[in-house]
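Student: Enclosed is the structure file protein-v8.csv (CSV, C-alpha atoms).
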chain,number,residue,atom,x,y,z
A,1,MET,CA,9.7,-27.9,24.1
A,2,SER,CA,6.3,-26.2,25.1
A,3,SER,CA,5.1,-23.1,23.4
A,4,PRO,CA,5.4,-19.9,25.4
A,5,LYS,CA,2.2,-19.1,27.3
A,6,LEU,CA,0.0,-16.1,26.5
A,7,SER,CA,-1.3,-13.7,29.1
A,8,ARG,CA,-5.1,-13.1,29.5
A,9,ASP,CA,-4.7,-9.7,27.8
A,10,LEU,CA,-2.9,-11.2,24.9
A,11,LYS,CA,-5.6,-13.8,24.6
A,12,LEU,CA,-8.2,-11.1,24.6
A,13,LEU,CA,-6.3,-9.2,21.9
A,14,VAL,CA,-6.4,-12.4,19.8
A,15,VAL,CA,-10.2,-12.4,20.2
A,16,PHE,CA,-10.4,-8.7,19.2
A,17,SER,CA,-8.3,-9.5,16.1
A,18,ALA,CA,-10.7,-12.3,15.2
A,19,LEU,CA,-13.8,-10.0,15.7
A,20,ARG,CA,-12.1,-7.3,13.6
A,21,ASN,CA,-11.7,-9.8,10.8
A,22,VAL,CA,-15.5,-10.1,10.7
A,23,THR,CA,-15.8,-6.4,10.2
A,24,ASP,CA,-13.0,-6.4,7.6
A,25,LEU,CA,-14.7,-9.2,5.7
A,26,PHE,CA,-17.9,-7.2,5.6
A,27,LEU,CA,-16.5,-3.7,5.0
A,28,GLY,CA,-13.6,-5.0,2.9
A,29,THR,CA,-14.1,-8.2,0.9
A,30,PHE,CA,-17.9,-8.0,0.6
A,31,LEU,CA,-18.2,-4.2,0.3
A,32,ILE,CA,-15.8,-4.5,-2.7
A,33,SER,CA,-18.1,-7.1,-4.2
A,34,PHE,CA,-21.1,-4.9,-3.5
A,35,ILE,CA,-19.5,-1.9,-5.1
A,36,MET,CA,-18.6,-4.1,-8.1
A,37,GLN,CA,-22.2,-5.0,-8.6
A,38,ILE,CA,-23.7,-1.5,-8.4
A,39,ALA,CA,-20.9,0.7,-9.9
A,40,SER,CA,-20.5,1.4,-13.5
A,41,ASP,CA,-16.6,1.3,-13.3
A,42,GLU,CA,-15.9,-1.2,-10.5
A,43,ILE,CA,-12.1,-1.2,-10.5
A,44,LEU,CA,-12.0,2.6,-10.4
A,45,SER,CA,-14.6,2.8,-7.6
A,46,VAL,CA,-12.8,0.2,-5.5
A,47,SER,CA,-9.5,2.0,-6.0
A,48,VAL,CA,-10.9,5.3,-4.9
A,49,TYR,CA,-12.5,3.7,-1.8
A,50,LYS,CA,-9.2,2.1,-0.7
A,51,LEU,CA,-7.1,5.1,-1.5
A,52,PHE,CA,-9.1,7.3,0.8
A,53,GLU,CA,-9.4,4.6,3.4
A,54,TYR,CA,-5.6,4.3,3.7
A,55,ALA,CA,-5.0,8.1,3.6
A,56,ALA,CA,-7.4,8.5,6.5
A,57,THR,CA,-5.8,5.6,8.4
A,58,SER,CA,-2.3,7.1,8.0
A,59,ALA,CA,-3.5,10.6,9.0
A,60,GLY,CA,-5.3,9.0,12.0
A,61,PHE,CA,-2.1,7.4,13.2
A,62,PHE,CA,-0.5,10.9,13.4
A,63,LEU,CA,-3.6,12.5,15.0
A,64,PHE,CA,-4.1,9.8,17.7
A,65,ALA,CA,-0.5,9.2,18.5
A,66,HIS,CA,-0.6,11.9,21.2
A,67,TRP,CA,-3.7,10.3,22.8
A,68,CYS,CA,-2.1,6.9,22.9
A,69,LYS,CA,1.1,8.4,24.5
A,70,ARG,CA,-0.7,10.4,27.2
A,71,TYR,CA,-3.8,8.4,28.0
A,72,ASN,CA,-5.1,4.9,28.5
A,73,LYS,CA,-4.8,3.0,25.2
A,74,VAL,CA,-7.8,0.8,26.0
A,75,ALA,CA,-10.0,4.0,26.0
A,76,VAL,CA,-8.6,5.0,22.6
A,77,PHE,CA,-9.1,1.4,21.4
A,78,ALA,CA,-12.7,1.5,22.4
A,79,LEU,CA,-13.3,4.7,20.5
A,80,ASN,CA,-12.8,2.8,17.2
A,81,LEU,CA,-16.3,1.5,17.5
A,82,ILE,CA,-17.8,5.0,16.9
A,83,PRO,CA,-16.7,5.4,13.2
A,84,LYS,CA,-17.4,1.7,12.6
A,85,ILE,CA,-21.0,2.1,13.8
A,86,LEU,CA,-21.4,5.3,11.8
A,87,LEU,CA,-20.2,3.5,8.7
A,88,LEU,CA,-22.6,0.7,9.2
A,89,LEU,CA,-25.5,3.1,9.6
A,90,CYS,CA,-24.4,4.9,6.4
A,91,ILE,CA,-24.5,1.6,4.5
A,92,ILE,CA,-28.0,0.8,5.9
A,93,LEU,CA,-29.3,4.3,5.0
A,94,LEU,CA,-27.6,4.6,1.6
A,95,GLU,CA,-28.3,1.0,0.3
A,96,ASN,CA,-27.7,0.9,-3.5
A,97,ARG,CA,-26.3,4.4,-3.5
A,98,VAL,CA,-23.1,3.3,-1.6
A,99,ALA,CA,-21.0,3.5,-4.8
A,100,GLN,CA,-21.8,7.3,-5.0
A,101,TYR,CA,-20.2,7.9,-1.6
A,102,VAL,CA,-17.0,5.8,-1.7
A,103,ILE,CA,-14.8,8.8,-0.7
A,104,PRO,CA,-16.6,9.7,2.6
A,105,LEU,CA,-17.1,6.0,3.4
A,106,GLY,CA,-13.5,5.2,2.8
A,107,ILE,CA,-12.4,8.1,5.1
A,108,LEU,CA,-14.8,6.9,7.8
A,109,TYR,CA,-13.4,3.4,7.6
A,110,GLY,CA,-9.8,4.6,7.6
A,111,ILE,CA,-10.3,6.7,10.8
A,112,GLY,CA,-11.8,3.7,12.6
A,113,SER,CA,-8.9,1.5,11.4
A,114,ALA,CA,-6.4,4.0,12.9
A,115,MET,CA,-8.2,4.1,16.2
A,116,TYR,CA,-8.1,0.3,16.2
A,117,HIS,CA,-4.6,-0.6,14.9
A,118,LEU,CA,-2.5,2.0,16.7
A,119,PRO,CA,-3.5,1.1,20.2
A,120,MET,CA,-3.7,-2.6,19.3
A,121,ASN,CA,-0.1,-2.6,18.0
A,122,LEU,CA,1.1,-0.7,21.1
A,123,MET,CA,-0.7,-3.1,23.5
A,124,VAL,CA,0.7,-6.1,21.8
A,125,ALA,CA,4.2,-4.6,22.0
A,126,GLU,CA,3.8,-3.8,25.7
A,127,LYS,CA,2.2,-7.1,26.8
A,128,SER,CA,4.3,-9.5,24.7
A,129,THR,CA,7.9,-10.6,24.9
A,130,ARG,CA,10.4,-11.6,22.3
A,131,GLN,CA,9.9,-15.2,23.5
A,132,ASN,CA,6.1,-15.3,23.0
A,133,VAL,CA,5.5,-12.9,20.2
A,134,GLY,CA,5.8,-15.7,17.6
A,135,ALA,CA,3.2,-17.8,19.5
A,136,TYR,CA,0.9,-14.7,19.7
A,137,MET,CA,1.2,-14.1,16.0
A,138,GLY,CA,0.5,-17.7,15.3
A,139,ALA,CA,-2.6,-17.7,17.5
A,140,LYS,CA,-3.8,-14.4,16.2
A,141,MET,CA,-3.6,-15.4,12.5
A,142,ALA,CA,-5.0,-18.8,13.1
A,143,ALA,CA,-8.0,-17.3,15.0
A,144,SER,CA,-8.5,-14.7,12.3
A,145,TYR,CA,-8.4,-17.3,9.5
A,146,ALA,CA,-10.8,-19.5,11.6
A,147,VAL,CA,-13.3,-16.6,11.4
A,148,LYS,CA,-12.8,-16.6,7.6
A,149,VAL,CA,-13.8,-20.3,7.5
A,150,PHE,CA,-17.2,-19.8,8.9
A,151,VAL,CA,-18.1,-16.1,8.3
A,152,PRO,CA,-17.6,-15.7,4.5
A,153,ILE,CA,-19.9,-18.5,3.4
A,154,THR,CA,-22.5,-17.3,5.9
A,155,LEU,CA,-22.2,-13.7,4.7
A,156,GLY,CA,-22.2,-14.8,1.1
A,157,PHE,CA,-25.4,-16.9,1.7
A,158,PHE,CA,-27.3,-14.1,3.5
A,159,ILE,CA,-26.2,-11.5,1.0
A,160,ASP,CA,-27.2,-13.6,-2.0
A,161,THR,CA,-30.6,-14.6,-0.4
A,162,GLY,CA,-31.3,-11.3,1.3
A,163,SER,CA,-29.3,-8.1,0.9
A,164,TYR,CA,-25.9,-6.6,1.8
A,165,VAL,CA,-27.7,-4.0,3.9
A,166,GLN,CA,-29.5,-6.5,6.1
A,167,VAL,CA,-26.2,-8.0,7.2
A,168,ALA,CA,-25.1,-4.6,8.5
A,169,HIS,CA,-27.6,-4.9,11.3
A,170,PHE,CA,-25.7,-8.0,12.6
A,171,LEU,CA,-22.4,-6.1,12.6
A,172,LEU,CA,-24.1,-3.4,14.8
A,173,ILE,CA,-24.9,-6.1,17.4
A,174,LEU,CA,-21.4,-7.5,17.2
A,175,SER,CA,-20.0,-4.0,17.9
A,176,ILE,CA,-21.9,-4.0,21.3
A,177,LEU,CA,-20.3,-7.4,22.1
A,178,GLU,CA,-16.9,-5.9,21.4
A,179,LEU,CA,-17.5,-3.0,23.7
A,180,GLY,CA,-18.4,-5.4,26.6
A,181,LEU,CA,-15.2,-7.5,26.1
A,182,MET,CA,-13.1,-4.3,26.2
A,183,LEU,CA,-14.0,-3.9,29.9
A,184,PHE,CA,-11.9,-7.0,30.7
A,185,LEU,CA,-8.7,-5.5,29.2
A,186,SER,CA,-6.1,-4.3,31.8
A,187,PRO,CA,-5.4,-0.5,31.6
A,188,SER,CA,-2.5,0.3,29.3
A,189,ARG,CA,-1.1,3.8,30.0
A,190,HIS,CA,2.4,5.0,29.1
A,191,ARG,CA,4.0,6.7,32.1
A,192,SER,CA,6.2,9.1,30.3
A,193,LYS,CA,4.9,12.7,30.1
A,194,ASN,CA,7.1,13.4,27.1
A,195,PRO,CA,5.2,14.6,24.0
A,196,VAL,CA,5.2,12.7,20.7
A,197,ASP,CA,8.5,13.6,19.0
A,198,PHE,CA,8.8,12.3,15.4
A,199,ARG,CA,12.0,14.3,14.7
A,200,VAL,CA,14.0,12.4,17.4
A,201,PHE,CA,12.7,9.0,16.1
A,202,PHE,CA,13.6,9.9,12.5
A,203,GLN,CA,17.2,10.6,13.7
A,204,CYS,CA,17.1,7.2,15.4
A,205,MET,CA,15.9,5.5,12.2
A,206,LEU,CA,18.9,7.1,10.3
A,207,ARG,CA,21.3,5.6,12.9
A,208,PHE,CA,20.0,2.0,12.8
A,209,PRO,CA,20.1,0.1,9.4
A,210,VAL,CA,17.6,-2.5,10.8
A,211,ILE,CA,14.9,0.2,11.1
A,212,ARG,CA,15.6,1.3,7.5
A,213,ASN,CA,15.1,-2.3,6.5
A,214,LEU,CA,11.9,-2.4,8.4
A,215,PHE,CA,10.7,0.8,6.7
A,216,ALA,CA,11.5,-0.8,3.2
A,217,MET,CA,9.8,-4.0,4.3
A,218,GLU,CA,6.6,-2.2,5.3
A,219,ILE,CA,6.5,-0.2,2.0
A,220,MET,CA,6.6,-3.5,0.1
A,221,ARG,CA,4.0,-5.1,2.4
A,222,GLY,CA,1.7,-2.0,2.0
A,223,PHE,CA,2.0,-2.3,-1.7
A,224,GLY,CA,1.5,-6.0,-1.8
A,225,THR,CA,-0.5,-7.6,1.0
A,226,GLY,CA,-3.5,-5.4,1.2
A,227,LEU,CA,-3.7,-4.8,-2.5
A,228,LEU,CA,-3.5,-8.5,-3.2
A,229,ALA,CA,-6.6,-9.2,-1.0
A,230,SER,CA,-8.6,-6.7,-3.1
A,231,VAL,CA,-7.4,-8.0,-6.4
A,232,ILE,CA,-8.2,-11.6,-5.4
A,233,THR,CA,-11.7,-10.5,-4.3
A,234,MET,CA,-12.2,-8.8,-7.7
A,235,TYR,CA,-10.9,-11.8,-9.6
A,236,THR,CA,-13.1,-14.2,-7.6
A,237,VAL,CA,-16.2,-12.1,-8.3
A,238,TYR,CA,-15.2,-11.7,-12.0
A,239,MET,CA,-14.6,-15.4,-12.6
A,240,PHE,CA,-17.2,-17.0,-10.3
A,241,LYS,CA,-19.9,-14.3,-10.3
A,242,THR,CA,-21.8,-14.6,-7.0
A,243,ASP,CA,-21.2,-13.6,-3.3
A,244,LEU,CA,-21.9,-17.2,-2.3
A,245,ASN,CA,-19.0,-18.4,-4.4
A,246,LEU,CA,-16.9,-15.7,-3.0
A,247,GLY,CA,-17.8,-16.9,0.5
A,248,ILE,CA,-17.2,-20.6,-0.4
A,249,PHE,CA,-13.7,-19.9,-1.8
A,250,THR,CA,-12.7,-17.5,1.0
A,251,THR,CA,-13.8,-20.2,3.5
A,252,LEU,CA,-12.0,-23.0,1.8
A,253,PHE,CA,-8.6,-21.2,1.5
A,254,SER,CA,-8.9,-19.8,5.0
A,255,MET,CA,-8.8,-23.4,6.3
A,256,PHE,CA,-5.3,-23.7,4.7
A,257,SER,CA,-4.3,-20.4,6.3
A,258,ILE,CA,-5.4,-21.6,9.7
A,259,ILE,CA,-3.2,-24.7,9.5
A,260,THR,CA,-0.3,-22.7,8.1
A,261,SER,CA,-0.5,-20.0,10.7
A,262,TRP,CA,-0.8,-22.4,13.6
A,263,LEU,CA,2.1,-24.6,12.4
A,264,SER,CA,4.3,-21.5,11.8
A,265,GLY,CA,3.6,-20.1,15.2
A,266,ARG,CA,3.9,-23.4,17.0
A,267,PHE,CA,6.9,-25.0,15.4
A,268,GLY,CA,8.5,-22.1,13.5
A,269,LYS,CA,11.6,-21.4,15.6
A,270,PRO,CA,13.8,-18.4,14.8
A,271,ARG,CA,16.5,-20.6,13.5
A,272,TYR,CA,14.1,-21.9,10.8
A,273,TYR,CA,13.0,-18.5,9.6
A,274,PRO,CA,15.5,-18.1,6.8
A,275,TYR,CA,14.5,-21.5,5.3
A,276,MET,CA,10.8,-20.7,5.7
A,277,ILE,CA,11.2,-17.3,4.0
A,278,LEU,CA,13.2,-18.6,1.1
A,279,THR,CA,10.9,-21.6,0.5
A,280,SER,CA,7.8,-19.4,0.6
A,281,MET,CA,9.4,-17.0,-1.9
A,282,PHE,CA,10.2,-19.8,-4.3
A,283,ILE,CA,6.7,-21.3,-4.1
A,284,THR,CA,5.1,-17.9,-4.5
A,285,LEU,CA,7.2,-17.2,-7.6
A,286,CYS,CA,6.1,-20.5,-9.2
A,287,GLY,CA,2.4,-19.9,-8.4
A,288,VAL,CA,2.2,-16.4,-9.9
A,289,SER,CA,4.1,-17.5,-13.0
A,290,PHE,CA,1.7,-20.4,-13.6
A,291,PHE,CA,-1.4,-18.2,-13.3
A,292,VAL,CA,-0.1,-15.3,-15.5
A,293,PHE,CA,0.9,-17.5,-18.4
A,294,HIS,CA,-2.1,-19.8,-18.2
A,295,THR,CA,-5.0,-17.7,-16.8
A,296,THR,CA,-7.9,-20.0,-16.0
A,297,PRO,CA,-10.2,-20.5,-13.0
A,298,LEU,CA,-8.1,-23.6,-12.0
A,299,THR,CA,-4.8,-21.7,-12.0
A,300,PHE,CA,-6.4,-18.9,-10.1
A,301,LEU,CA,-7.5,-21.4,-7.4
A,302,ILE,CA,-3.9,-22.7,-7.3
A,303,TYR,CA,-2.7,-19.2,-6.8
A,304,ASN,CA,-5.3,-18.8,-4.1
A,305,PHE,CA,-3.8,-21.8,-2.3
A,306,ILE,CA,-0.3,-20.4,-2.5
A,307,TYR,CA,-1.7,-17.0,-1.2
A,308,SER,CA,-3.2,-18.8,1.8
A,309,THR,CA,-0.1,-20.8,2.6
A,310,SER,CA,3.3,-19.4,1.4
A,311,ILE,CA,2.3,-15.7,1.4
A,312,VAL,CA,0.7,-16.1,4.8
A,313,VAL,CA,4.0,-17.4,6.2
A,314,LEU,CA,5.9,-14.5,4.7
A,315,ASP,CA,3.4,-12.0,6.1
A,316,GLN,CA,3.4,-13.6,9.5
A,317,LEU,CA,7.2,-13.6,9.8
A,318,CYS,CA,7.3,-9.9,8.7
A,319,SER,CA,4.9,-9.1,11.6
A,320,VAL,CA,6.9,-11.1,14.1
A,321,ASN,CA,10.1,-9.1,13.2
A,322,MET,CA,8.1,-5.9,13.3
A,323,TYR,CA,7.0,-6.6,16.9
A,324,LYS,CA,10.4,-7.9,18.0
A,325,LEU,CA,12.0,-4.7,16.8
A,326,SER,CA,9.5,-2.6,18.8
A,327,ASN,CA,11.0,-4.3,21.9
A,328,SER,CA,14.6,-3.9,20.9
A,329,LYS,CA,17.3,-1.6,22.2
A,330,CYS,CA,17.1,0.7,19.1
A,331,VAL,CA,13.4,1.4,19.9
A,332,THR,CA,13.0,2.5,23.5
A,333,SER,CA,9.6,2.4,25.2
A,334,ASN,CA,9.6,6.3,25.0
A,335,HIS,CA,9.5,6.1,21.2
A,336,ARG,CA,7.4,3.0,20.6
A,337,ILE,CA,4.4,5.1,19.5
A,338,GLU,CA,6.6,7.0,17.0
A,339,TYR,CA,7.9,3.7,15.8
A,340,PHE,CA,4.4,2.4,15.0
A,341,VAL,CA,3.3,5.7,13.4
A,342,PHE,CA,6.4,5.6,11.1
A,343,ARG,CA,5.7,2.0,10.4
A,344,ASP,CA,2.1,2.8,9.3
A,345,PHE,CA,3.4,5.7,7.2
A,346,ALA,CA,5.6,3.2,5.3
A,347,LEU,CA,2.5,1.0,4.8
A,348,PHE,CA,0.6,4.1,3.6
A,349,ILE,CA,3.3,4.9,0.9
A,350,GLY,CA,3.1,1.3,-0.4
A,351,ARG,CA,-0.7,1.2,-0.4
A,352,TRP,CA,-1.1,4.5,-2.2
A,353,ILE,CA,1.4,3.6,-4.9
A,354,GLY,CA,-0.4,0.2,-5.3
A,355,TYR,CA,-4.0,1.6,-5.5
A,356,ILE,CA,-3.0,4.5,-7.8
A,357,GLY,CA,-1.6,1.8,-10.1
A,358,LEU,CA,-4.9,-0.2,-9.7
A,359,MET,CA,-6.8,3.0,-10.5
A,360,TYR,CA,-4.8,3.4,-13.7
A,361,ILE,CA,-5.6,-0.1,-14.7
A,362,GLY,CA,-9.3,0.5,-14.0
A,363,VAL,CA,-9.3,3.5,-16.3
A,364,PHE,CA,-7.1,2.3,-19.1
A,365,GLY,CA,-6.7,-1.4,-18.8
A,366,GLY,CA,-9.2,-3.9,-17.3
A,367,TYR,CA,-8.9,-7.5,-16.2
A,368,SER,CA,-6.6,-8.3,-19.1
A,369,TRP,CA,-4.0,-6.0,-17.5
A,370,LEU,CA,-4.8,-6.9,-14.0
A,371,ARG,CA,-3.1,-10.3,-14.1
A,372,TRP,CA,0.2,-8.6,-15.1
A,373,TYR,CA,-0.3,-6.2,-12.2
A,374,LEU,CA,-0.6,-9.3,-10.0
A,375,VAL,CA,3.0,-10.1,-10.9
A,376,VAL,CA,4.1,-6.7,-9.6
A,377,ILE,CA,2.1,-7.2,-6.4
A,378,THR,CA,3.5,-10.6,-5.8
A,379,ALA,CA,7.1,-9.3,-6.4
A,380,SER,CA,6.6,-6.7,-3.8
A,381,ILE,CA,5.5,-9.3,-1.3
A,382,MET,CA,8.6,-11.3,-2.1
A,383,LEU,CA,10.8,-8.2,-1.6
A,384,ALA,CA,9.1,-7.8,1.8
A,385,GLY,CA,10.3,-11.3,2.6
A,386,TRP,CA,13.8,-10.4,1.4
A,387,PHE,CA,13.9,-7.4,3.7
A,388,THR,CA,12.7,-9.4,6.7
A,389,LEU,CA,15.4,-11.9,5.9
A,390,LYS,CA,18.0,-9.1,6.1
A,391,MET,CA,16.7,-8.2,9.5
A,392,LEU,CA,17.2,-11.6,11.0
A,393,PRO,CA,20.9,-11.2,11.9
A,394,TYR,CA,20.0,-8.3,14.1
A,395,PHE,CA,17.9,-10.6,16.4
A,396,LYS,CA,20.3,-13.6,16.3
A,397,HIS,CA,22.6,-12.4,19.0
A,398,ARG,CA,20.1,-10.5,21.1
A,399,LYS,CA,18.1,-12.1,23.8
Represent the structure of the file as structure tokens.

Tutor:
Amino acid sequence: MSSPKLSRDLKLLVVFSALRNVTDLFLGTFLISFIMQIASDEILSVSVYKLFEYAATSAGFFLFAHWCKRYNKVAVFALNLIPKILLLLCIILLENRVAQYVIPLGILYGIGSAMYHLPMNLMVAEKSTRQNVGAYMGAKMAASYAVKVFVPITLGFFIDTGSYVQVAHFLLILSILELGLMLFLSPSRHRSKNPVDFRVFFQCMLRFPVIRNLFAMEIMRGFGTGLLASVITMYTVYMFKTDLNLGIFTTLFSMFSIITSWLSGRFGKPRYYPYMILTSMFITLCGVSFFVFHTTPLTFLIYNFIYSTSIVVLDQLCSVNMYKLSNSKCVTSNHRIEYFVFRDFALFIGRWIGYIGLMYIGVFGGYSWLRWYLVVITASIMLAGWFTLKMLPYFKHRK
């Protein structure tokens, strides 16, 4: 049976997602590494940066919801380049003083993330169907991880041989390319003139248990998935020291993620989802137990392998269910924007709880405590898998 075809717009959104991963690698993974090298208290500085980034992202979802409901989403989508370019210019100008300005830089990055993710999620929901959303997620994640095969080792090499600031110039050029590609997207404008109404959607959420399960799932994902990427970056720099090594390992494990994402999107039929979720949860539990009780560079690399395979599968299936629910009967097209805003608010709750915990470890603990915190992070990801498992019966009898 052939895989569902993707429209031109969905293929373009896959490309934008891959380009966004270049930005996220630079302003996420490698900026964290850069802060760790120049800050006196790296765990605390990284935590503050991420806390303000996520707070600005969540606030931005609420602020830009009205724009996305009343105007062309492609235009709002294009505006995300403004804060990104401003952030890159700040990095170029501040150079080694970046660690002193983690709060405004985090806010700037968060605003740009909101202007990217809200219209992106809405366009995916509008342009995909329940038949091809799995194929879209497989293509999106495979393309994103393909970027992580080539870009990290390149960034690591140029940062180690040159400077972090010099690479920011390349990102500025890439932003211009993104703007040109946006001209090929079809307009995406919601025809309803009704204003954004969060109260009505909240009442809807109380009526449908599946939406409450989604809300709980996204809190767990917010706590686990984003925080785990930061912790793995810090552990990699802590254990293997250089940005080149960070690039090499990110590239290596991204290759496993490409294969996993593509296979999951291509062959992972809905009837297989329960088995995929349960198997991934079991492997993840084994991996984190092995690392915590025998913490060495080798066991950390084994955990990285599990992160790039089993956890990728869990996260991908959570996203598939999230998009499917956005096209279901309990979320009408008139309230799809409210749905994605509430979903991001759930992510925000989880992220803030997670990074406040990381900040506490940075002040009072250190890397000896961080591996135990990794157990809590991994447990939250497994709980997200459990909640998405509970959502599956809702889709089983609905076409």

Student: Taking into account all atoms listed in the file, which residue in the set A:Val331, A:Ile353, A:Leu228, A:Ala139 is nearest to Ser261 (chain A)?

Tutor: A:Ala139

Student: Write out as a list of chain:residue names each polymer residue whose atoms come within 8 Å of Ser310 (chain A), counting only C-alpha atoms; drop sequence neighbours fewer than 4 positions from it.

Tutor: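 Residues meeting the cut-off are A:Thr279, A:Ser280, A:Met281, A:Ile283, A:Thr284, A:Ile306, A:Leu314.
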
Student: Atoms to include: C-alpha atoms. Write the selected residues as a PDB file, in the coordinates of the input.

Tutor:
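Wrote it out as again-v4.pdb, contents follow:
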ATOM      1  CA  THR A 279      10.900 -21.600   0.500  1.00  0.00           C
ATOM      2  CA  SER A 280       7.800 -19.400   0.600  1.00  0.00           C
ATOM      3  CA  MET A 281       9.400 -17.000  -1.900  1.00  0.00           C
ATOM      4  CA  ILE A 283       6.700 -21.300  -4.100  1.00  0.00           C
ATOM      5  CA  THR A 284       5.100 -17.900  -4.500  1.00  0.00           C
ATOM      6  CA  ILE A 306      -0.300 -20.400  -2.500  1.00  0.00           C
ATOM      7  CA  LEU A 314       5.900 -14.500   4.700  1.00  0.00           C
TER       8      LEU A 314
END

Student: Any idea what's packed within 7 Å of region 97-103 of chain A, counting only C-alpha atoms, ignoring anything in its chain fewer than 2 positions away? Could you give it as JSON, numbers by chain?

Tutor: {"A": [35, 38, 39, 48, 49, 52, 91, 94, 95, 105, 106, 107]}

Student: For Leu325 (chain A), which residue among A:Ala216, A:Leu227, A:Val133, A:Ile361 is the nearest when counting all atoms listed in the file?

Tutor: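 The shortest atom-to-atom distance to Leu325 (chain A) comes from A:Val133.
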
Student: Using all atoms listed in the file, pick whichever of A:Val231, A:Leu118, A:Val363, A:Leu370 has the shortest atom-to-atom distance to Asn304 (chain A).

Tutor: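 Answer, going by the shortest atom-to-atom distance: A:Val231.
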
Student: Closest to Leu6 (chain A) among A:Ala135, A:Ile82, A:Val22, A:Ile173, using all atoms listed in the file?

Tutor: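 The answer is A:Ala135, which sits nearest to Leu6 (chain A).
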
Student: Identify, on the basis of all atoms listed in the file, every residue whose closest approach to Phe291 (chain A) does not exceed 9 Å; exclude the query and any residue fewer than 6 positions from it along the same chain; express the result as a list of chain:residue names.

Tutor: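 My reading of the contact set: A:Leu298, A:Thr299, A:Phe300, A:Ile302, A:Tyr303, A:Arg371.
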
Student: Would you mind reading off the distance between CA of Leu63 (chain A) and CA of Phe77 (chain A), one decimal, in Å?

Tutor: 13.9 Å

Student: Go ahead and compute the interatomic distance for CA of Pro195 (chain A) and CA of His117 (chain A), in Å to one decimal.

Tutor: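 A separation of 20.2 Å between them.
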
Student: Between CA of Gly222 (chain A) and CA of Gly350 (chain A), measure the distance and give it in Å to one decimal.

Tutor: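 Separation between CA of Gly222 (chain A) and CA of Gly350 (chain A): 4.3 Å.
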
Student: Given the point (19.5, -4.9, 6.6) in the file's coordinates, find the residues that have an atom at most 7 Å from it, counting only C-alpha atoms, and give them as a VMD selection string.

Tutor: chain A and resid 209 to 210 213 387 390 to 391

Student: Box for region 95-113 of chain A: with edges along x, y and z, all listed atoms inside and 5 Å added on each side, what are the centre and edge lengths in Å to one decimal, as AutoDock Vina command-line options?

Tutor:
--center_x -18.6 --center_y 5.3 --center_z 3.8 --size_x 29.4 --size_y 18.8 --size_z 27.6

Student: Do a neighbour search on region 181-187 of chain A at 8 Å with all atoms listed in the file, toss out local chain neighbours closer than 4 positions, and write the hits as number ranges by chain.

Tutor: A: 9, 12, 72-74, 78, 177

Student: Skipping near chain neighbours, those fewer than 5 positions away, what residues fall within 12 Å of Ala55 (chain A) using all atoms listed in the file, listed as a short mmCIF file (atom, residue, chain, number, x, y, z; two decimals) with C-alpha atoms, keeping the file's coordinate frame?

Tutor:
data_model
loop_
_atom_site.label_atom_id
_atom_site.label_comp_id
_atom_site.auth_asym_id
_atom_site.auth_seq_id
_atom_site.Cartn_x
_atom_site.Cartn_y
_atom_site.Cartn_z
CA VAL A 48 -10.90 5.30 -4.90
CA TYR A 49 -12.50 3.70 -1.80
CA LYS A 50 -9.20 2.10 -0.70
CA GLY A 60 -5.30 9.00 12.00
CA PHE A 61 -2.10 7.40 13.20
CA PHE A 62 -0.50 10.90 13.40
CA ILE A 103 -14.80 8.80 -0.70
CA PRO A 104 -16.60 9.70 2.60
CA GLY A 106 -13.50 5.20 2.80
CA ILE A 107 -12.40 8.10 5.10
CA LEU A 108 -14.80 6.90 7.80
CA TYR A 109 -13.40 3.40 7.60
CA GLY A 110 -9.80 4.60 7.60
CA ILE A 111 -10.30 6.70 10.80
CA SER A 113 -8.90 1.50 11.40
CA ALA A 114 -6.40 4.00 12.90
CA ASP A 344 2.10 2.80 9.30
CA PHE A 345 3.40 5.70 7.20
CA ALA A 346 5.60 3.20 5.30
CA LEU A 347 2.50 1.00 4.80
CA PHE A 348 0.60 4.10 3.60
CA ILE A 349 3.30 4.90 0.90
CA GLY A 350 3.10 1.30 -0.40
CA ARG A 351 -0.70 1.20 -0.40
CA TRP A 352 -1.10 4.50 -2.20
CA ILE A 353 1.40 3.60 -4.90
CA TYR A 355 -4.00 1.60 -5.50
#

Student: Hey, can you pull every residue with an atom no more than 12 Å from (-4.8, -24.6, 4.3), using only C-alpha atoms, and send it as a VMD selection string?

Tutor: chain A and resid 142 145 to 146 148 to 149 249 to 263 302 304 to 313

Student: Missing atoms in region 380-384 of chain A need filling: write out N, CA and C atoms for it as a short mmCIF file (atom, residue, chain, number, x, y, z; two decimals), in the frame of the given file.

Tutor:
data_model
loop_
_atom_site.label_atom_id
_atom_site.label_comp_id
_atom_site.auth_asym_id
_atom_site.auth_seq_id
_atom_site.Cartn_x
_atom_site.Cartn_y
_atom_site.Cartn_z
N SER A 380 6.40 -7.54 -4.93
CA SER A 380 6.60 -6.70 -3.80
C SER A 380 6.49 -7.47 -2.47
N ILE A 381 5.61 -8.48 -2.44
CA ILE A 381 5.50 -9.30 -1.30
C ILE A 381 6.80 -10.14 -1.06
N MET A 382 7.36 -10.61 -2.16
CA MET A 382 8.60 -11.30 -2.10
C MET A 382 9.76 -10.42 -1.63
N LEU A 383 9.75 -9.16 -2.06
CA LEU A 383 10.80 -8.20 -1.60
C LEU A 383 10.61 -7.94 -0.10
N ALA A 384 9.35 -7.90 0.39
CA ALA A 384 9.10 -7.80 1.80
C ALA A 384 9.78 -8.92 2.57
#
